[in-house]
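Everything below concerns the one structure shown next.
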Amino acid sequence: MSDPQLEAEPGSFRDPDSRVFLSDGEVFRALSARGAEDWRVLRDAPLFDELISEGKLVATEEVSTSGAPDILTGEVTAVLKHEKIPFISYPYEWTFEMLRDAALLQLELIERSIKAGMMLKDSSPYNVQWQGSKPVFLDVGSFEPLRAGEPWAGYRQFCMLYLYPLMMQAYKDVPFQPWLRGAVDGITPAQAAAMFSSGSDKRRKGVFGHIRMHSRLEQRYSNDKGTDVKKNLGSAGFSTELITNNVRKLQKLIAGLQWNASDTQWTEYGTVNTYSDADREVKDSFVSQTAAREHRKLVWDVGANDGRYSKLALPHADYVVAVDADQETANQLFKHMRSEDERKILTLVGNVCDPSPDLGWRNRERASFENRTDPDLILALAVVHHISIAGNVPLPEVVRWLSGFDSS
């Protein structure tokens with residue numbers, strides 16, 4: 001750590017005991033005395049090595065505090081070094097299957113943590129990132145010792161950021177991405193109740209308990225202090241068995257949610273496009289030769305469709321981000337990558353005419369898509385005319401956009 005003046009990562013400031021910072025391109029986490037104590041409980045538990053070996057928790061080690069920036073309210077007691085994720089993405093850029101996989105990972109971690117005598121402070125999908133098609137939990141600082149009698153503090157957050165978006169898309173065929181992009185804290189129980197208000201809605205799995213009852217209870221106790229609610233739940237005998245049962249029911253519910261979208265003109269792109277075999281070979285050769293000119297750290301494949309050109313670029317790159325604006329196309333591509341256990345191609349939903357902006361506190365908490373990192377190569381095959389015609393963007397503007405990147 002050579003820059004002690006470095007500020008914390010802008011998206012890591014809500015936990016007073018744990019903050020992430022960057023130094024020389026590496027990722028570190030500063031811990032308070034309490035955070036360090038919780039970390040060492042996790043580190044010494046068999047669960048820690050199990051989750052890392054399974055690829056479900058980011059690889060982490062404790063390092064010297066020498067040179068650590070002063071970014072906590074109190075003294076920095078410990079510093080952790082994390083494995084760096086190649087590209088940071090956010091839930092409003094994920095496909096339906098990605099959000100569902102992340103939700104199931106979150107629930108698995110909670111259940112296994114309880115068995116190990118620990119719990120997670122929160123239930124935010126922003127604590128999950130991707131190594132290709134595999135979700136990885138990043139927030140080591142979220143683990144803390146289990147406190148008997150306390151409720152699952154992250155349940156409401158889990159509903160707002162995982163469950164309600166998934167139910168909305170599975171039951172209503174309404175994409176969740178615009179909702180999560182419009183409200184970084186997610187969909188409230190009251191908002192979800194308004195969406196699921198018909199008689200047929202109320203009979204759908206999970207709606208009555210997790211939406212209707214949740215909304216009513218929240219309204220009833222809206223004026224009660226959180227500490228009073230915790231105290232009442234503790235005195236009523238709120239047990240870890242209740243949390244575990246709730247987690248298992250949620251696992252069953254979420255595993256059963258399916259989004260059966262109708263095919264679009266792009267979902268069968270690889271089999272119905274108008275290219276002849278000769279044209280396809282020319283295009284494949286051009287992409288392969290261009291990618292092979294030098295090895296790249298990061299490649300963007302904009303308008304990735306079936307991922308054909310992402311795969312052609314991958315032998316010459318450390319990592320590829322395959323982006324498509326079509327919801328179902330991106331979802332199908334992710335499922336394909338997942339079936340191959342692909343760890344170096346990340347699939348995202350994104351529209352270059354309406355990219356993810358800077359969001360959150362001071363517009364710095366969640367960085368815009370283009371500001372997160374610069375690609376070394378951009379593939380934009382058969383995309384420019386879509387931007388110009390469908391997006392009504394003048395061609396000179398498209399050229400200026402592409403030339404603004406420090407890439408090929």
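Each chain of the structure tokens is named A, B, ... in the order shown, its residues numbered from 1; ligands are numbered from 1 in display order.
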Q: Identify, on the basis of only C-alpha atoms, every residue whose closest approach to stretch 26-28 of chain A does not exceed 12 Å; exclude the query and any residue fewer than 4 positions from it along the same chain; express the result as a ChimeraX atom specification.
A: /A:1-3,6-9,12,18-22,58-65,67-69,71,78-86,138-141
Show me, as JSON lines, the residues of stretch 252-340 of chain A having an atom within 8 Å of stretch 118-135 of chain A, each with the closest atom pair and its distance in Å, using only C-alpha atoms.
{"residue": "A:Phe334", "atom": "CA", "partner": "A:Ser133", "partner_atom": "CA", "distance": 6.7}
{"residue": "A:Met337", "atom": "CA", "partner": "A:Ser133", "partner_atom": "CA", "distance": 6.1}
{"residue": "A:Arg338", "atom": "CA", "partner": "A:Ser133", "partner_atom": "CA", "distance": 5.1}
For A:Ala194, work out the shell of residues within 12 Å, counting only C-alpha atoms and skipping chain neighbours fewer than 2 positions away, then give it as a CSV table (one decimal) with C-alpha atoms, in the first residue's frame.
chain,number,residue,atom,x,y,z
A,164,TYR,CA,-39.7,-8.6,-5.5
A,168,MET,CA,-42.2,-9.0,-10.8
A,187,ILE,CA,-38.8,-2.1,-4.4
A,188,THR,CA,-40.6,-1.4,-1.1
A,189,PRO,CA,-43.2,-3.8,0.3
A,190,ALA,CA,-45.8,-1.2,-0.2
A,191,GLN,CA,-44.9,-0.8,-3.9
A,192,ALA,CA,-44.8,-4.5,-4.4
A,196,PHE,CA,-49.7,-7.6,-6.8
A,197,SER,CA,-53.2,-6.4,-5.8
A,198,SER,CA,-55.6,-8.5,-7.9
A,201,ASP,CA,-52.0,-12.2,-7.8
A,202,LYS,CA,-52.7,-12.9,-4.2
A,207,VAL,CA,-47.3,-13.1,-2.6
A,211,ILE,CA,-45.6,-9.1,0.0
A,212,ARG,CA,-49.1,-8.6,1.3
A,215,SER,CA,-46.6,-4.6,3.6
A,216,ARG,CA,-49.3,-4.7,6.3
**Q.** Per-residue DSSP, stretch 237-352 of chain A, filtered to helix (DSSP H, G or I), as a PyMOL selection string
**A.** chain A and resi 240-256+269-272+277-291+308-316+327-339
Based on the selection just made, write C-alpha atoms of those residues as a PDB file, in the first residue's frame.
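Writing done, so here's selection.pdb:
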ATOM      1  CA  THR A 240     -32.530 -19.195  14.575  1.00  0.00           C
ATOM      2  CA  GLU A 241     -34.834 -22.063  13.612  1.00  0.00           C
ATOM      3  CA  LEU A 242     -37.393 -19.530  12.419  1.00  0.00           C
ATOM      4  CA  ILE A 243     -34.752 -17.775  10.307  1.00  0.00           C
ATOM      5  CA  THR A 244     -33.552 -21.072   8.851  1.00  0.00           C
ATOM      6  CA  ASN A 245     -37.096 -22.145   8.019  1.00  0.00           C
ATOM      7  CA  ASN A 246     -37.759 -18.817   6.320  1.00  0.00           C
ATOM      8  CA  VAL A 247     -34.512 -19.097   4.350  1.00  0.00           C
ATOM      9  CA  ARG A 248     -35.360 -22.607   3.174  1.00  0.00           C
ATOM     10  CA  LYS A 249     -38.841 -21.562   2.087  1.00  0.00           C
ATOM     11  CA  LEU A 250     -37.348 -18.662   0.170  1.00  0.00           C
ATOM     12  CA  GLN A 251     -34.852 -21.008  -1.488  1.00  0.00           C
ATOM     13  CA  LYS A 252     -37.705 -23.209  -2.688  1.00  0.00           C
ATOM     14  CA  LEU A 253     -39.752 -20.219  -3.838  1.00  0.00           C
ATOM     15  CA  ILE A 254     -36.917 -18.556  -5.759  1.00  0.00           C
ATOM     16  CA  ALA A 255     -35.666 -21.794  -7.311  1.00  0.00           C
ATOM     17  CA  GLY A 256     -39.185 -22.258  -8.692  1.00  0.00           C
ATOM     18  CA  TYR A 269     -29.826 -14.949 -33.996  1.00  0.00           C
ATOM     19  CA  GLY A 270     -27.253 -17.685 -34.434  1.00  0.00           C
ATOM     20  CA  THR A 271     -29.602 -19.888 -36.459  1.00  0.00           C
ATOM     21  CA  VAL A 272     -31.803 -17.438 -38.377  1.00  0.00           C
ATOM     22  CA  ASP A 277     -21.402 -19.514 -44.580  1.00  0.00           C
ATOM     23  CA  ALA A 278     -18.803 -17.601 -46.585  1.00  0.00           C
ATOM     24  CA  ASP A 279     -19.816 -14.280 -45.018  1.00  0.00           C
ATOM     25  CA  ARG A 280     -19.686 -15.823 -41.575  1.00  0.00           C
ATOM     26  CA  GLU A 281     -16.177 -17.151 -42.185  1.00  0.00           C
ATOM     27  CA  VAL A 282     -14.989 -13.724 -43.312  1.00  0.00           C
ATOM     28  CA  LYS A 283     -16.477 -12.085 -40.233  1.00  0.00           C
ATOM     29  CA  ASP A 284     -15.055 -14.759 -37.917  1.00  0.00           C
ATOM     30  CA  SER A 285     -11.631 -14.376 -39.486  1.00  0.00           C
ATOM     31  CA  PHE A 286     -11.694 -10.603 -39.106  1.00  0.00           C
ATOM     32  CA  VAL A 287     -12.618 -10.798 -35.405  1.00  0.00           C
ATOM     33  CA  SER A 288     -10.048 -13.506 -34.670  1.00  0.00           C
ATOM     34  CA  GLN A 289      -7.231 -11.691 -36.465  1.00  0.00           C
ATOM     35  CA  THR A 290      -8.087  -8.353 -34.849  1.00  0.00           C
ATOM     36  CA  ALA A 291      -8.229  -9.876 -31.370  1.00  0.00           C
ATOM     37  CA  ARG A 308     -20.020 -16.091 -30.871  1.00  0.00           C
ATOM     38  CA  TYR A 309     -17.531 -13.229 -31.128  1.00  0.00           C
ATOM     39  CA  SER A 310     -16.970 -13.054 -27.378  1.00  0.00           C
ATOM     40  CA  LYS A 311     -15.699 -16.612 -27.611  1.00  0.00           C
ATOM     41  CA  LEU A 312     -13.496 -15.787 -30.582  1.00  0.00           C
ATOM     42  CA  ALA A 313     -11.907 -12.917 -28.665  1.00  0.00           C
ATOM     43  CA  LEU A 314     -11.446 -14.804 -25.393  1.00  0.00           C
ATOM     44  CA  PRO A 315      -8.213 -16.702 -26.301  1.00  0.00           C
ATOM     45  CA  HIS A 316      -6.574 -13.292 -26.673  1.00  0.00           C
ATOM     46  CA  GLN A 327     -33.433  -9.117 -22.262  1.00  0.00           C
ATOM     47  CA  GLU A 328     -34.102 -12.650 -23.407  1.00  0.00           C
ATOM     48  CA  THR A 329     -31.040 -12.828 -25.660  1.00  0.00           C
ATOM     49  CA  ALA A 330     -28.791 -11.882 -22.749  1.00  0.00           C
ATOM     50  CA  ASN A 331     -30.608 -14.317 -20.455  1.00  0.00           C
ATOM     51  CA  GLN A 332     -30.147 -17.165 -22.923  1.00  0.00           C
ATOM     52  CA  LEU A 333     -26.488 -16.267 -23.378  1.00  0.00           C
ATOM     53  CA  PHE A 334     -25.914 -16.321 -19.628  1.00  0.00           C
ATOM     54  CA  LYS A 335     -27.567 -19.746 -19.337  1.00  0.00           C
ATOM     55  CA  HIS A 336     -25.337 -21.025 -22.115  1.00  0.00           C
ATOM     56  CA  MET A 337     -22.211 -19.666 -20.410  1.00  0.00           C
ATOM     57  CA  ARG A 338     -23.355 -21.126 -17.097  1.00  0.00           C
ATOM     58  CA  SER A 339     -23.856 -24.557 -18.672  1.00  0.00           C
TER      59      SER A 339
END
Q.
Please determine, counting only C-alpha atoms, which residue among A:Tyr162, A:Gly186, A:Leu109, A:Leu377 has the shortest atom-to-atom distance to A:Glu50.
A. A:Leu109
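If you measure from each of A:Leu161, A:Gly199, A:Phe137, A:Phe87 to A:Trp300 using only C-alpha atoms, the closest one turns out to be A:Phe87.
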**Q.** Top pick for closest residue to A:Ala36, considering A:Leu348, A:Val76, A:Val399, A:Ile52 and counting only C-alpha atoms
**A.**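 Closest to A:Ala36, using only C-alpha atoms: A:Val76.
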